[in-house]
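Everything below belongs to coords_19.txt, which stores compact mmCIF, C-alpha atoms.
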```txt
# COMPACT_ATOMS: atom_id res chain seq x y z
CA MET A 12 0.00 0.00 0.00
CA ALA A 13 1.29 3.49 -0.89
CA THR A 14 2.07 5.55 2.22
CA LYS A 15 1.33 9.24 2.67
CA GLY A 16 3.46 12.02 4.13
CA TRP A 17 2.51 13.61 7.43
CA ASP A 18 0.92 16.64 5.70
CA GLU A 19 -1.12 14.59 3.25
CA PHE A 20 -3.55 12.97 5.68
CA GLU A 21 -7.26 13.53 5.46
CA ILE A 22 -8.74 15.36 8.46
CA GLY A 23 -10.75 12.28 9.29
CA ALA A 24 -9.64 8.94 7.93
CA MET A 25 -11.66 5.78 7.51
CA LEU A 26 -10.02 2.43 6.94
CA ARG A 27 -11.89 -0.65 5.84
CA SER A 28 -10.98 -3.94 7.47
CA PHE A 29 -12.42 -6.06 4.67
CA ASP A 30 -12.89 -5.92 0.93
CA GLY A 31 -16.49 -5.95 -0.23
CA LYS A 32 -19.41 -6.72 2.03
CA ALA A 33 -18.39 -8.23 5.35
CA GLU A 34 -21.00 -10.25 7.18
CA ASN A 35 -20.99 -12.55 10.21
CA ILE A 36 -17.35 -11.83 10.97
CA ALA A 37 -17.87 -13.09 14.52
CA THR A 38 -18.41 -16.61 13.19
CA THR A 39 -16.06 -16.52 10.19
CA MET A 40 -12.59 -17.91 10.74
CA GLN A 41 -9.58 -15.94 9.56
CA GLU A 42 -8.86 -18.13 6.51
CA ASP A 43 -12.37 -17.44 5.16
CA ARG A 44 -12.27 -13.65 5.49
CA ALA A 45 -11.63 -11.17 2.68
CA TYR A 46 -9.07 -8.97 4.45
CA SER A 47 -8.38 -5.61 2.85
CA SER A 48 -4.81 -4.36 2.44
CA SER A 49 -5.40 -1.88 5.29
CA ASN A 50 -6.06 -4.63 7.82
CA SER A 51 -3.01 -5.20 10.01
CA PHE A 52 -3.58 -8.93 9.52
CA THR A 53 -1.91 -8.48 6.14
CA ALA A 54 1.20 -7.00 7.81
CA SER A 55 3.85 -8.84 9.77
CA VAL A 56 5.79 -8.28 12.99
CA ALA A 57 7.91 -11.42 12.59
CA ASP A 58 11.08 -9.32 12.55
CA TRP A 59 10.43 -8.26 16.19
CA ARG A 60 11.32 -11.76 17.39
CA ILE A 61 14.62 -12.72 18.97
CA ASP A 62 13.37 -16.08 20.19
CA LYS A 63 10.56 -18.04 18.60
CA PRO A 64 8.14 -20.58 20.06
CA VAL A 65 8.28 -24.10 18.63
CA PHE A 66 5.27 -26.41 18.96
CA HIS A 67 5.66 -30.14 19.69
CA LYS A 68 2.36 -31.73 18.74
CA ASP A 69 2.93 -35.06 20.53
CA TYR A 70 2.89 -33.56 24.03
CA CYS A 71 -0.01 -31.14 23.51
CA ILE A 72 -3.20 -31.85 25.48
CA ASP A 73 -5.24 -29.07 23.77
CA CYS A 74 -5.91 -27.25 27.04
CA GLN A 75 -5.96 -23.96 25.06
CA PHE A 76 -4.16 -21.95 27.75
CA CYS A 77 -1.77 -20.70 25.05
CA TRP A 78 -4.72 -19.70 22.88
CA ILE A 79 -6.47 -17.59 25.51
CA PHE A 80 -3.34 -15.91 26.83
CA CYS A 81 -1.61 -15.17 23.51
CA PRO A 82 -1.61 -11.36 23.14
CA ASP A 83 -1.06 -11.53 19.39
CA MET A 84 -3.75 -13.91 18.17
CA SER A 85 -0.91 -16.17 17.03
CA ILE A 86 -2.02 -19.52 18.42
CA ILE A 87 -4.14 -21.18 15.75
CA SER A 88 -6.90 -23.33 17.22
CA ARG A 89 -9.50 -25.01 15.06
CA ASP A 90 -12.23 -27.41 16.25
CA LYS A 91 -10.90 -27.22 19.83
CA LYS A 92 -7.45 -28.42 18.72
CA MET A 93 -4.23 -26.39 18.75
CA ILE A 94 -2.83 -26.78 15.25
CA GLY A 95 0.06 -24.35 15.03
CA ILE A 96 1.55 -20.91 15.47
CA ASP A 97 1.01 -17.90 13.21
CA MET A 98 4.63 -16.85 12.69
CA ASP A 99 3.70 -13.63 10.86
CA HIS A 100 2.09 -12.14 13.96
CA CYS A 101 4.01 -13.75 16.83
CA LYS A 102 6.27 -11.23 18.60
CA GLY A 103 8.07 -13.91 20.61
CA CYS A 104 6.93 -12.78 24.08
CA GLY A 105 6.99 -16.33 25.44
CA ILE A 106 3.70 -16.26 27.39
CA CYS A 107 2.51 -19.45 25.62
CA VAL A 108 5.56 -21.34 26.90
CA GLU A 109 5.08 -20.06 30.46
CA VAL A 110 1.43 -21.10 30.65
CA CYS A 111 1.91 -24.51 28.98
CA PRO A 112 1.09 -27.11 31.68
CA THR A 113 2.45 -30.33 30.08
CA ASN A 114 5.63 -32.16 31.12
CA PRO A 115 7.77 -31.77 29.06
CA LYS A 116 6.27 -28.56 27.71
CA SER A 117 4.71 -28.79 24.25
CA LEU A 118 5.87 -25.25 23.49
CA LEU A 119 9.43 -24.06 24.01
CA MET A 120 11.37 -20.96 23.00
CA PHE A 121 14.33 -21.35 20.65
CA ASP A 122 16.64 -18.90 18.94
CA GLU A 123 14.95 -17.46 15.85
CA HIS A 124 17.65 -18.92 13.56
CA ILE A 125 17.34 -22.54 14.74
CA GLU A 126 15.40 -24.74 12.30
CA ASP A 127 12.16 -26.23 13.68
CA GLU A 128 13.36 -29.78 12.87
CA VAL A 129 16.55 -29.29 14.87
CA ALA A 130 14.55 -27.85 17.79
CA LEU A 131 12.10 -30.77 17.76
CA ALA A 132 14.93 -33.35 17.56
CA GLY A 133 16.54 -31.93 20.70
CA TRP A 134 13.28 -31.72 22.74
CA PRO A 135 13.83 -32.36 26.46
CA GLU A 136 12.61 -35.59 28.10
CA LYS A 137 9.95 -35.69 30.81
CA ASP A 138 11.20 -34.11 34.01
CA GLU A 139 10.75 -36.86 36.64
CA GLY A 140 11.23 -34.39 39.45
CA GLU A 141 7.83 -32.88 38.71
CA LYS A 142 4.50 -34.58 38.54
CA MET B 269 -32.28 -9.19 23.28
CA SER B 270 -29.69 -11.25 21.51
CA GLU B 271 -28.61 -14.62 22.79
CA ILE B 272 -25.68 -14.89 25.15
CA LYS B 273 -22.81 -16.87 23.66
CA LYS B 274 -22.35 -20.24 25.37
CA ILE B 275 -18.85 -20.58 26.79
CA LYS B 276 -18.64 -23.50 29.19
CA ASN B 277 -14.91 -24.12 29.09
CA LEU B 278 -11.74 -23.00 27.41
CA LYS B 279 -12.15 -25.48 24.54
CA ASP B 280 -15.55 -23.97 23.75
CA PHE B 281 -14.04 -20.52 23.96
CA SER B 282 -11.20 -21.43 21.58
CA THR B 283 -13.64 -21.93 18.70
CA SER B 284 -14.19 -18.13 18.66
CA ALA B 285 -13.09 -16.21 15.58
CA ASP B 286 -10.93 -13.31 16.74
CA ARG B 287 -12.09 -9.84 15.73
CA PHE B 288 -8.88 -8.19 16.84
CA GLU B 289 -5.90 -8.70 14.54
CA GLY B 290 -2.21 -9.34 14.95
CA ALA B 291 0.64 -7.16 13.72
CA ASN B 292 -0.61 -4.38 15.99
CA LEU B 293 2.28 -2.58 17.65
CA LEU B 294 1.58 -3.36 21.31
CA CYS B 295 4.66 -4.53 23.23
CA PRO B 296 5.36 -8.27 23.27
CA GLY B 297 3.57 -9.66 26.31
CA CYS B 298 1.11 -6.76 26.63
CA ALA B 299 -2.02 -7.62 28.61
CA HIS B 300 -4.11 -5.02 26.74
CA SER B 301 -4.74 -7.29 23.80
CA ILE B 302 -5.48 -10.28 26.05
CA ILE B 303 -8.25 -8.18 27.62
CA VAL B 304 -9.55 -6.91 24.26
CA ARG B 305 -9.63 -10.46 22.87
CA GLU B 306 -11.58 -11.74 25.87
CA VAL B 307 -14.11 -8.91 25.56
CA LEU B 308 -14.59 -9.32 21.81
CA ASN B 309 -14.69 -13.12 21.90
CA ALA B 310 -17.23 -13.21 24.72
CA THR B 311 -20.01 -12.26 22.32
CA ASN B 312 -21.06 -12.93 18.74
CA ASP B 313 -23.06 -9.69 18.53
CA ASP B 314 -22.11 -6.84 16.23
CA LEU B 315 -19.92 -4.38 18.05
CA VAL B 316 -19.45 -0.63 17.96
CA LEU B 317 -16.14 0.12 19.64
CA SER B 318 -14.03 3.09 20.55
CA ALA B 319 -10.65 3.58 22.12
CA ALA B 320 -9.48 6.68 23.92
CA THR B 321 -5.96 7.87 23.25
CA GLY B 322 -3.48 5.54 24.87
CA CYS B 323 -1.37 2.51 24.14
CA LEU B 324 -4.30 0.58 22.71
CA GLU B 325 -5.29 3.32 20.29
CA VAL B 326 -1.84 4.30 19.00
CA CYS B 327 -0.82 0.66 18.54
CA THR B 328 -3.91 -0.67 16.79
CA ALA B 329 -4.62 2.16 14.36
CA VAL B 330 -1.27 2.94 12.78
CA TYR B 331 -2.06 4.51 9.42
CA PRO B 332 -2.52 2.87 6.91
CA TYR B 333 -3.50 -0.12 9.05
CA THR B 334 -6.31 -1.02 11.41
CA SER B 335 -6.31 -4.03 13.72
CA TRP B 336 -10.05 -3.95 14.34
CA ASP B 337 -12.59 -6.13 12.53
CA SER B 338 -15.57 -4.26 13.99
CA SER B 339 -16.73 -0.67 13.70
CA TRP B 340 -14.19 1.29 15.68
CA ILE B 341 -13.70 4.98 16.28
CA HIS B 342 -11.09 7.16 17.89
CA ILE B 343 -11.52 10.89 18.50
CA GLY B 344 -9.58 12.25 21.45
CA PHE B 345 -8.10 11.41 24.81
CA GLU B 346 -11.14 12.31 26.86
CA ASN B 347 -14.10 11.39 24.71
CA GLY B 348 -13.79 7.71 23.79
CA SER B 349 -16.78 6.99 25.99
CA THR B 350 -18.94 9.80 24.59
CA ALA B 351 -18.12 8.76 20.99
CA VAL B 352 -19.72 5.40 21.67
CA ALA B 353 -22.53 7.01 23.69
CA GLY B 354 -23.30 9.22 20.66
CA ALA B 355 -23.44 6.20 18.37
CA GLU B 356 -25.73 4.49 20.85
CA ALA B 357 -28.06 7.51 21.03
CA MET B 358 -28.17 7.66 17.22
CA HIS B 359 -28.99 3.96 17.01
CA LYS B 360 -31.80 4.38 19.53
CA ALA B 361 -33.23 7.38 17.67
CA LEU B 362 -33.11 5.74 14.24
CA LYS B 363 -34.69 2.61 15.65
CA ALA B 364 -37.51 4.59 17.24
CA LYS B 365 -38.17 6.30 13.91
CA GLY B 366 -38.05 2.99 12.02
CA ARG B 367 -35.20 4.18 9.85
CA LEU B 368 -32.70 1.39 10.58
CA LYS B 369 -31.81 -0.47 7.39
CA GLN B 370 -31.27 -3.69 9.28
CA ASP B 371 -32.91 -4.62 12.53
CA ARG B 372 -29.76 -5.51 14.41
CA ASP B 373 -28.79 -4.47 17.90
CA PRO B 374 -25.06 -4.01 18.24
CA LYS B 375 -23.30 -3.79 21.58
CA PHE B 376 -21.54 -0.53 22.38
CA VAL B 377 -18.18 -0.81 24.12
CA SER B 378 -15.59 1.85 24.83
CA PHE B 379 -12.02 1.01 25.81
CA ALA B 380 -9.81 3.43 27.67
CA GLY B 381 -6.69 3.26 29.76
CA ASP B 382 -6.59 4.29 33.38
CA GLY B 383 -5.33 7.76 32.39
CA ALA B 384 -8.27 8.28 30.06
CA SER B 385 -10.74 6.95 32.63
CA TYR B 386 -9.51 7.94 36.09
CA ASP B 387 -8.17 11.37 35.10
CA ILE B 388 -8.67 12.91 31.69
CA GLY B 389 -11.90 11.27 30.52
CA PHE B 390 -13.51 11.10 33.95
CA GLN B 391 -16.05 13.85 33.41
CA TRP B 392 -17.15 12.36 30.09
CA ILE B 393 -17.58 8.86 31.54
CA SER B 394 -19.51 10.30 34.44
CA GLY B 395 -21.77 12.05 31.90
CA CYS B 396 -22.38 8.83 29.96
CA PHE B 397 -23.34 7.03 33.15
CA GLU B 398 -25.57 9.84 34.32
CA ARG B 399 -27.44 9.92 30.98
CA GLY B 400 -27.85 6.13 31.13
CA HIS B 401 -26.54 5.11 27.74
CA ASN B 402 -26.74 1.41 26.99
CA MET B 403 -23.01 0.82 26.77
CA MET B 404 -20.04 -0.77 28.49
CA HIS B 405 -16.87 1.04 29.47
CA VAL B 406 -13.76 -1.10 29.87
CA VAL B 407 -10.74 0.33 31.67
CA LEU B 408 -7.40 -1.22 30.74
CA ASP B 409 -5.88 -0.45 34.11
CA ASN B 410 -2.08 -0.54 33.92
CA GLU B 411 -1.77 2.04 36.69
CA VAL B 412 0.43 4.46 34.71
CA TYR B 413 0.51 6.62 31.56
CA ALA B 414 2.45 3.94 29.68
CA ASN B 415 2.00 5.43 26.21
CA THR B 416 3.86 8.64 26.99
CA GLY B 417 6.68 7.17 29.04
CA GLY B 418 5.38 6.19 32.46
CA GLN B 419 3.99 9.27 34.21
CA ARG B 420 1.92 8.65 37.32
CA SER B 421 -1.85 8.63 37.00
CA SER B 422 -4.46 8.65 39.76
CA ALA B 423 -4.54 4.84 39.41
CA THR B 424 -0.86 4.54 40.31
CA PRO B 425 -0.47 2.72 43.64
CA ILE B 426 1.56 4.12 46.53
CA GLY B 427 5.30 3.41 46.49
CA GLY B 428 5.65 2.87 42.77
CA SER B 429 8.56 4.53 41.00
CA ASN B 430 7.42 6.37 37.87
CA THR B 431 9.04 9.02 35.69
CA THR B 432 7.19 11.88 37.44
CA THR B 433 7.38 10.29 40.90
CA PRO B 434 10.81 8.65 40.87
CA ALA B 435 12.16 6.80 43.88
CA GLY B 436 15.51 7.98 45.22
CA THR B 437 17.33 8.89 48.38
CA HIS B 438 14.55 11.19 49.60
CA SER B 439 11.41 9.60 48.19
CA TYR B 440 9.85 6.16 47.89
CA GLY B 441 8.06 7.26 44.71
CA GLU B 442 4.30 7.77 44.35
CA LYS B 443 2.85 9.26 47.53
CA ARG B 444 -0.85 8.69 47.06
CA ASN B 445 -3.14 5.72 47.07
CA LYS B 446 -5.02 4.54 44.04
CA LYS B 447 -8.38 6.21 43.45
CA ASP B 448 -11.30 3.87 44.16
CA MET B 449 -12.99 4.07 40.78
CA MET B 450 -15.23 1.06 41.45
CA GLN B 451 -17.10 2.80 44.27
CA ILE B 452 -17.37 6.00 42.24
CA MET B 453 -18.92 4.24 39.26
CA ALA B 454 -21.20 2.17 41.51
CA ALA B 455 -22.37 5.43 43.07
CA HIS B 456 -23.61 6.49 39.64
CA GLY B 457 -26.24 3.78 40.03
CA SER B 458 -24.78 1.61 37.29
CA PRO B 459 -26.52 -1.77 36.93
CA TYR B 460 -23.18 -3.57 36.81
CA VAL B 461 -19.68 -2.62 37.89
CA ALA B 462 -16.95 -5.24 38.10
CA GLN B 463 -13.25 -5.55 38.67
CA VAL B 464 -11.72 -8.25 36.45
CA ALA B 465 -8.33 -9.63 35.45
CA PRO B 466 -7.47 -11.37 32.17
CA ASN B 467 -5.65 -14.26 33.86
CA LYS B 468 -8.96 -15.30 35.47
CA TRP B 469 -10.58 -15.63 32.06
CA LYS B 470 -13.72 -17.49 33.12
CA ASN B 471 -14.53 -14.94 35.78
CA MET B 472 -13.85 -12.19 33.25
CA VAL B 473 -16.02 -13.68 30.49
CA LYS B 474 -18.88 -14.03 32.98
CA ALA B 475 -18.51 -10.37 33.95
CA ILE B 476 -18.35 -9.24 30.30
CA GLN B 477 -21.47 -11.18 29.37
CA HIS B 478 -23.29 -9.88 32.44
CA GLY B 479 -22.21 -6.33 31.58
CA LEU B 480 -23.24 -6.58 27.94
CA ALA B 481 -26.63 -8.10 28.78
CA ALA B 482 -27.48 -5.46 31.39
CA GLU B 483 -29.58 -2.47 30.34
CA GLY B 484 -27.73 0.76 30.98
CA PRO B 485 -24.15 1.87 31.39
CA THR B 486 -21.83 -0.79 32.81
CA PHE B 487 -18.24 -0.55 33.90
CA LEU B 488 -15.36 -3.03 33.94
CA ASN B 489 -12.04 -2.27 35.58
CA ALA B 490 -9.64 -4.75 33.98
CA MET B 491 -6.14 -5.13 35.37
CA SER B 492 -3.58 -4.90 32.61
CA ALA B 493 -0.11 -5.91 33.76
CA CYS B 494 2.36 -3.68 31.90
CA THR B 495 5.66 -5.39 31.11
CA THR B 496 7.33 -2.08 30.18
CA GLU B 497 6.29 0.15 33.08
CA TRP B 498 5.85 -2.41 35.84
CA LYS B 499 9.23 -3.72 34.73
CA PHE B 500 9.02 -7.49 34.45
CA ALA B 501 9.94 -9.90 31.64
CA PRO B 502 7.35 -10.14 28.82
CA GLU B 503 6.71 -13.86 29.37
CA ASP B 504 5.72 -13.22 33.02
CA THR B 505 2.54 -11.23 32.28
CA ILE B 506 0.23 -14.03 33.43
CA ALA B 507 2.43 -14.94 36.43
CA VAL B 508 2.44 -11.32 37.66
CA SER B 509 -1.32 -11.06 37.08
CA ASP B 510 -1.78 -14.24 39.14
CA LEU B 511 0.26 -12.71 41.95
CA ALA B 512 -1.91 -9.58 41.83
CA THR B 513 -5.19 -11.46 42.11
CA ASP B 514 -3.93 -14.07 44.60
CA SER B 515 -2.32 -11.50 46.91
CA LEU B 516 -5.62 -9.53 46.83
CA VAL B 517 -3.82 -6.40 45.65
CA PHE B 518 -6.36 -6.58 42.86
CA PRO B 519 -9.44 -8.27 44.35
CA LEU B 520 -12.06 -9.41 41.85
CA TYR B 521 -15.59 -8.37 42.75
CA GLU B 522 -18.75 -6.94 41.27
CA ILE B 523 -21.32 -4.40 42.43
CA ILE B 524 -24.84 -4.87 41.13
CA ASP B 525 -27.23 -1.89 40.94
CA GLY B 526 -24.81 0.22 42.93
CA LYS B 527 -25.43 -1.78 46.09
CA GLU B 528 -25.06 -5.55 46.12
CA LEU B 529 -21.36 -6.39 46.33
CA ASN B 530 -20.22 -9.92 45.48
CA ILE B 531 -16.66 -11.19 45.65
CA THR B 532 -16.24 -13.22 42.45
CA TYR B 533 -12.86 -14.79 43.11
CA ARG B 534 -11.43 -16.06 46.39
CA PRO B 535 -7.85 -17.31 46.10
CA LYS B 536 -7.26 -20.75 47.63
CA ASN B 537 -3.88 -19.69 48.97
CA ILE B 538 -3.48 -16.00 49.68
CA VAL B 539 0.01 -14.90 48.64
CA PRO B 540 1.85 -12.28 50.74
CA VAL B 541 1.81 -8.84 49.08
CA GLU B 542 5.62 -8.87 49.34
CA GLU B 543 5.79 -11.47 46.56
CA TYR B 544 3.70 -9.28 44.26
CA LEU B 545 5.94 -6.27 44.95
CA ALA B 546 9.14 -8.30 44.50
CA ALA B 547 8.09 -9.46 41.04
CA GLN B 548 8.18 -5.92 39.62
CA GLY B 549 11.03 -3.49 39.02
CA ARG B 550 8.87 -0.47 39.87
CA PHE B 551 8.80 -1.55 43.56
CA LYS B 552 12.45 -2.63 43.71
CA HIS B 553 13.45 0.25 46.02
CA LEU B 554 10.90 -0.79 48.66
CA PHE B 555 13.22 -3.67 49.58
CA LYS B 556 15.98 -1.28 50.69
CA ASP B 557 16.25 -0.82 54.48
CA GLN B 558 15.21 2.81 54.15
CA TYR B 559 11.77 2.03 52.69
CA LYS B 560 11.14 -1.47 54.05
CA HIS B 561 8.37 -0.19 56.34
CA MET B 562 6.30 0.37 53.18
CA ILE B 563 5.89 -3.37 52.62
CA GLN B 564 4.10 -3.86 55.94
CA GLU B 565 2.05 -0.76 55.22
CA TRP B 566 0.99 -2.30 51.89
CA GLN B 567 0.06 -5.60 53.54
CA ASP B 568 -2.03 -3.85 56.22
CA ARG B 569 -3.86 -1.74 53.66
CA ILE B 570 -4.64 -4.75 51.42
CA ASP B 571 -5.83 -6.79 54.44
CA GLY B 572 -8.05 -3.91 55.53
CA ASN B 573 -9.54 -3.59 52.07
CA TRP B 574 -10.25 -7.34 51.84
CA GLU B 575 -11.91 -7.21 55.27
CA TYR B 576 -14.08 -4.31 54.08
CA LEU B 577 -15.10 -6.13 50.87
CA GLN B 578 -16.11 -9.24 52.81
CA ARG B 579 -18.17 -7.20 55.25
CA ARG B 580 -19.88 -5.39 52.37
CA GLU B 581 -20.67 -8.74 50.76
CA GLU B 582 -22.13 -10.13 53.97
CA ALA B 583 -24.17 -7.05 54.73
CA LYS B 584 -25.58 -6.81 51.17
CA VAL B 585 -25.82 -3.02 51.35
```
Output the file's structure in the form of structure tokens.
Amino acid sequence: MATKGWDEFEIGAMLRSFDGKAENIATTMQEDRAYSSSNSFTASVADWRIDKPVFHKDYCIDCQFCWIFCPDMSIISRDKKMIGIDMDHCKGCGICVEVCPTNPKSLLMFDEHIEDEVALAGWPEKDEGEK
Amino acid sequence: MSEIKKIKNLKDFSTSADRFEGANLLCPGCAHSIIVREVLNATNDDLVLSAATGCLEVCTAVYPYTSWDSSWIHIGFENGSTAVAGAEAMHKALKAKGRLKQDRDPKFVSFAGDGASYDIGFQWISGCFERGHNMMHVVLDNEVYANTGGQRSSATPIGGSNTTTPAGTHSYGEKRNKKDMMQIMAAHGSPYVAQVAPNKWKNMVKAIQHGLAAEGPTFLNAMSACTTEWKFAPEDTIAVSDLATDSLVFPLYEIIDGKELNITYRPKNIVPVEEYLAAQGRFKHLFKDQYKHMIQEWQDRIDGNWEYLQRREEAKV
């Protein structure tokens, strides 16, 4: 989208979130929405991250704690199952890892440059000290 | 009246389609968007929203982007609440005249920080509540003007070090206690006033749905732990919020019709206030010998407040 200089703004500006007629947004999942180019969903903050969360599916119990406490709408849950992380919008805060209750955790933070496969291969074992 | 969305457990809740979008510019770990998500996901109704100037507004409406999937307006620092009240009055008038194109009843919600609610927008909010608009006002209470660099507001608790009330050799920081906004709003005769925290999501969703279903102006004071100004690591937002609710520094309760007070969350194990203070950099100086007396003062004040709330609940007045 073309950007405007500070002295070129309209006095009042209106931005549309969707292209065309938007109906029943409250029950339409993100993949089925017609986002307009002025919706921040089409932008990315991936370059904010220093560490990234990696998701290990095998240990996940679908408690959805990560979904409710994610401040960036980046935990993707469909049909009550956690299916992945939206890496375009994740800022790498690490809340999801902190609230994950499984042992070992099914979400862990890794350096942004480590490949997911490498991270998953080196996943820690169950900590016997805890329950 | 529209149907209340059924949310029995977190799995149910997770089927919601978010109407607040990512790639907003809020800090990593900011509790503001956790609160906004819980409010927006608690209902499937159409929404008319506003945000007063503050972190939430500057971070979610960065030209040429918007992070809102509902009708949303921003005007000034003080009049977020009246913007929504005006839309509500217009809706009511058009409906009465039969000029609405579609017969839908949206919910009207205004968001504002503690600066825009406790201080700058106070007169406007008071006006909305006095006129009895059918709306909900949600305060994102991070106890400081976080957007402009951490100046104290009238929601800042005693002993906190902020840029305009810094702690040092002669001062322990903020000198005054937090304003009791809950009692003030309840005194307006509001049908529903509640203090909520995003880490207790079930409690919060219940309060939101109660507030949205009530006829008249309702008020939610939502604690928003601020990683930048309270000075803790971004991943600890929920842990610090848990300490706040479990140490009763931020007790969760509701006041119905300005009178009936109910405590909505009783921690199983009450945590000493000291642990809450120790978790945040803004209270670091209170652990020096010079200011240590403040910790006991905090504990006594919180205990006294909890005692008062329980007595109010028992007495039902």
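Interatomic distance, atom CA of B:Arg305 to atom CA of B:Phe288: 6.5 Å.
The spacing separating atom CA of B:Leu408 from atom CA of B:Gly381 amounts to 4.6 Å.
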Worksheet item: Given the choices A:Glu19, A:Glu109, A:Glu42, A:Asp69, which gets closest to chain B if the distance is worked out from only C-alpha atoms?
Response: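 That would be A:Glu109, the residue with the smallest distance to chain B.
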Discussion item. Show me, as a PyMOL selection string, every residue of chain A with an atom at most 8 Å from chain B, counting all atoms listed in the file.
Written reply: chain A and resi 12+14+26-29+36-41+48-52+54-56+73-76+78-85+88-91+99-110
Taking C-alpha atoms for each residue, export the selection above as a CSV table (one decimal), in the coordinates of the input.
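Listed below is the output, part01.csv:
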```csv
chain,number,residue,atom,x,y,z
A,12,MET,CA,0.0,0.0,0.0
A,14,THR,CA,2.1,5.6,2.2
A,26,LEU,CA,-10.0,2.4,6.9
A,27,ARG,CA,-11.9,-0.6,5.8
A,28,SER,CA,-11.0,-3.9,7.5
A,29,PHE,CA,-12.4,-6.1,4.7
A,36,ILE,CA,-17.4,-11.8,11.0
A,37,ALA,CA,-17.9,-13.1,14.5
A,38,THR,CA,-18.4,-16.6,13.2
A,39,THR,CA,-16.1,-16.5,10.2
A,40,MET,CA,-12.6,-17.9,10.7
A,41,GLN,CA,-9.6,-15.9,9.6
A,48,SER,CA,-4.8,-4.4,2.4
A,49,SER,CA,-5.4,-1.9,5.3
A,50,ASN,CA,-6.1,-4.6,7.8
A,51,SER,CA,-3.0,-5.2,10.0
A,52,PHE,CA,-3.6,-8.9,9.5
A,54,ALA,CA,1.2,-7.0,7.8
A,55,SER,CA,3.8,-8.8,9.8
A,56,VAL,CA,5.8,-8.3,13.0
A,73,ASP,CA,-5.2,-29.1,23.8
A,74,CYS,CA,-5.9,-27.2,27.0
A,75,GLN,CA,-6.0,-24.0,25.1
A,76,PHE,CA,-4.2,-22.0,27.8
A,78,TRP,CA,-4.7,-19.7,22.9
A,79,ILE,CA,-6.5,-17.6,25.5
A,80,PHE,CA,-3.3,-15.9,26.8
A,81,CYS,CA,-1.6,-15.2,23.5
A,82,PRO,CA,-1.6,-11.4,23.1
A,83,ASP,CA,-1.1,-11.5,19.4
A,84,MET,CA,-3.8,-13.9,18.2
A,85,SER,CA,-0.9,-16.2,17.0
A,88,SER,CA,-6.9,-23.3,17.2
A,89,ARG,CA,-9.5,-25.0,15.1
A,90,ASP,CA,-12.2,-27.4,16.2
A,91,LYS,CA,-10.9,-27.2,19.8
A,99,ASP,CA,3.7,-13.6,10.9
A,100,HIS,CA,2.1,-12.1,14.0
A,101,CYS,CA,4.0,-13.8,16.8
A,102,LYS,CA,6.3,-11.2,18.6
A,103,GLY,CA,8.1,-13.9,20.6
A,104,CYS,CA,6.9,-12.8,24.1
A,105,GLY,CA,7.0,-16.3,25.4
A,106,ILE,CA,3.7,-16.3,27.4
A,107,CYS,CA,2.5,-19.4,25.6
A,108,VAL,CA,5.6,-21.3,26.9
A,109,GLU,CA,5.1,-20.1,30.5
A,110,VAL,CA,1.4,-21.1,30.6
```
Discussion item. One number please: atom CA of B:Val464 to atom CA of B:Ile476, in Å, one decimal.
Written reply: 9.1 Å
Quick one: residues within 7 Å of B:Ala423, only C-alpha atoms counted, chain neighbours fewer than 2 positions away excluded, as an mmCIF file with C-alpha atoms, in the frame of the given file?
```cif
data_model
loop_
_atom_site.group_PDB
_atom_site.id
_atom_site.type_symbol
_atom_site.label_atom_id
_atom_site.label_comp_id
_atom_site.auth_asym_id
_atom_site.auth_seq_id
_atom_site.Cartn_x
_atom_site.Cartn_y
_atom_site.Cartn_z
ATOM 1 C CA ASP B 382 -6.590 4.290 33.380
ATOM 2 C CA TYR B 386 -9.510 7.940 36.090
ATOM 3 C CA GLU B 411 -1.770 2.040 36.690
ATOM 4 C CA VAL B 412 0.430 4.460 34.710
ATOM 5 C CA SER B 421 -1.850 8.630 37.000
ATOM 6 C CA PRO B 425 -0.470 2.720 43.640
ATOM 7 C CA LYS B 446 -5.020 4.540 44.040
ATOM 8 C CA LYS B 447 -8.380 6.210 43.450
#
```
Worksheet entry | Counting only C-alpha atoms, the residue of A:Val129, A:Ala33, A:Ile96, A:Ala13 that sits nearest A:Phe66 |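 Closest to A:Phe66 of all the choices is A:Ile96.
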Worksheet entry | Shell of 12 Å around A:Tyr70, all atoms listed in the file, local chain residues under 2 positions omitted, as a list in words | Phe66, His67, Lys68, Ile72, Asp73, Cys74, Met93, Cys111, Pro112, Thr113, Asn114, Pro115, Lys116, Ser117, Leu118, Leu119, Leu131, Trp134, Pro135, Glu136 and Lys137 of chain A
Worksheet item: Do you know which residues are at most 12 Å from stretch 553-567 of chain B counting only C-alpha atoms, after dropping those on the same chain fewer than 2 positions away, and could you put them as a count of residues only?
Response: 40
Discussion item. Neighbouring residues of A:Met120 were defined as those with any atom within 6 Å, considering only C-alpha atoms; residues of the same chain fewer than 2 positions away were excluded. Please report them as a VMD selection string.
Written reply: chain A and resid 62 to 64
Discussion item. Just checking: using all atoms listed in the file, which residue out of B:Asp510, B:Asp371, B:Asp409, B:Glu398 ends up closest to B:Pro485?
Written reply: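 Counting all atoms listed in the file, the residue closest to B:Pro485 is B:Glu398.
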Item to complete: Kindly extract all protein, DNA and RNA residues lying within 10 Å of the coordinates (-21.5, -10.2, 34.7) given in the file, considering all atoms listed in the file, and supply them as JSON, numbers by chain.
Response: {"B": [460, 461, 462, 471, 472, 473, 474, 475, 476, 477, 478, 479, 480, 481, 482, 486, 488, 522, 523, 524, 532]}
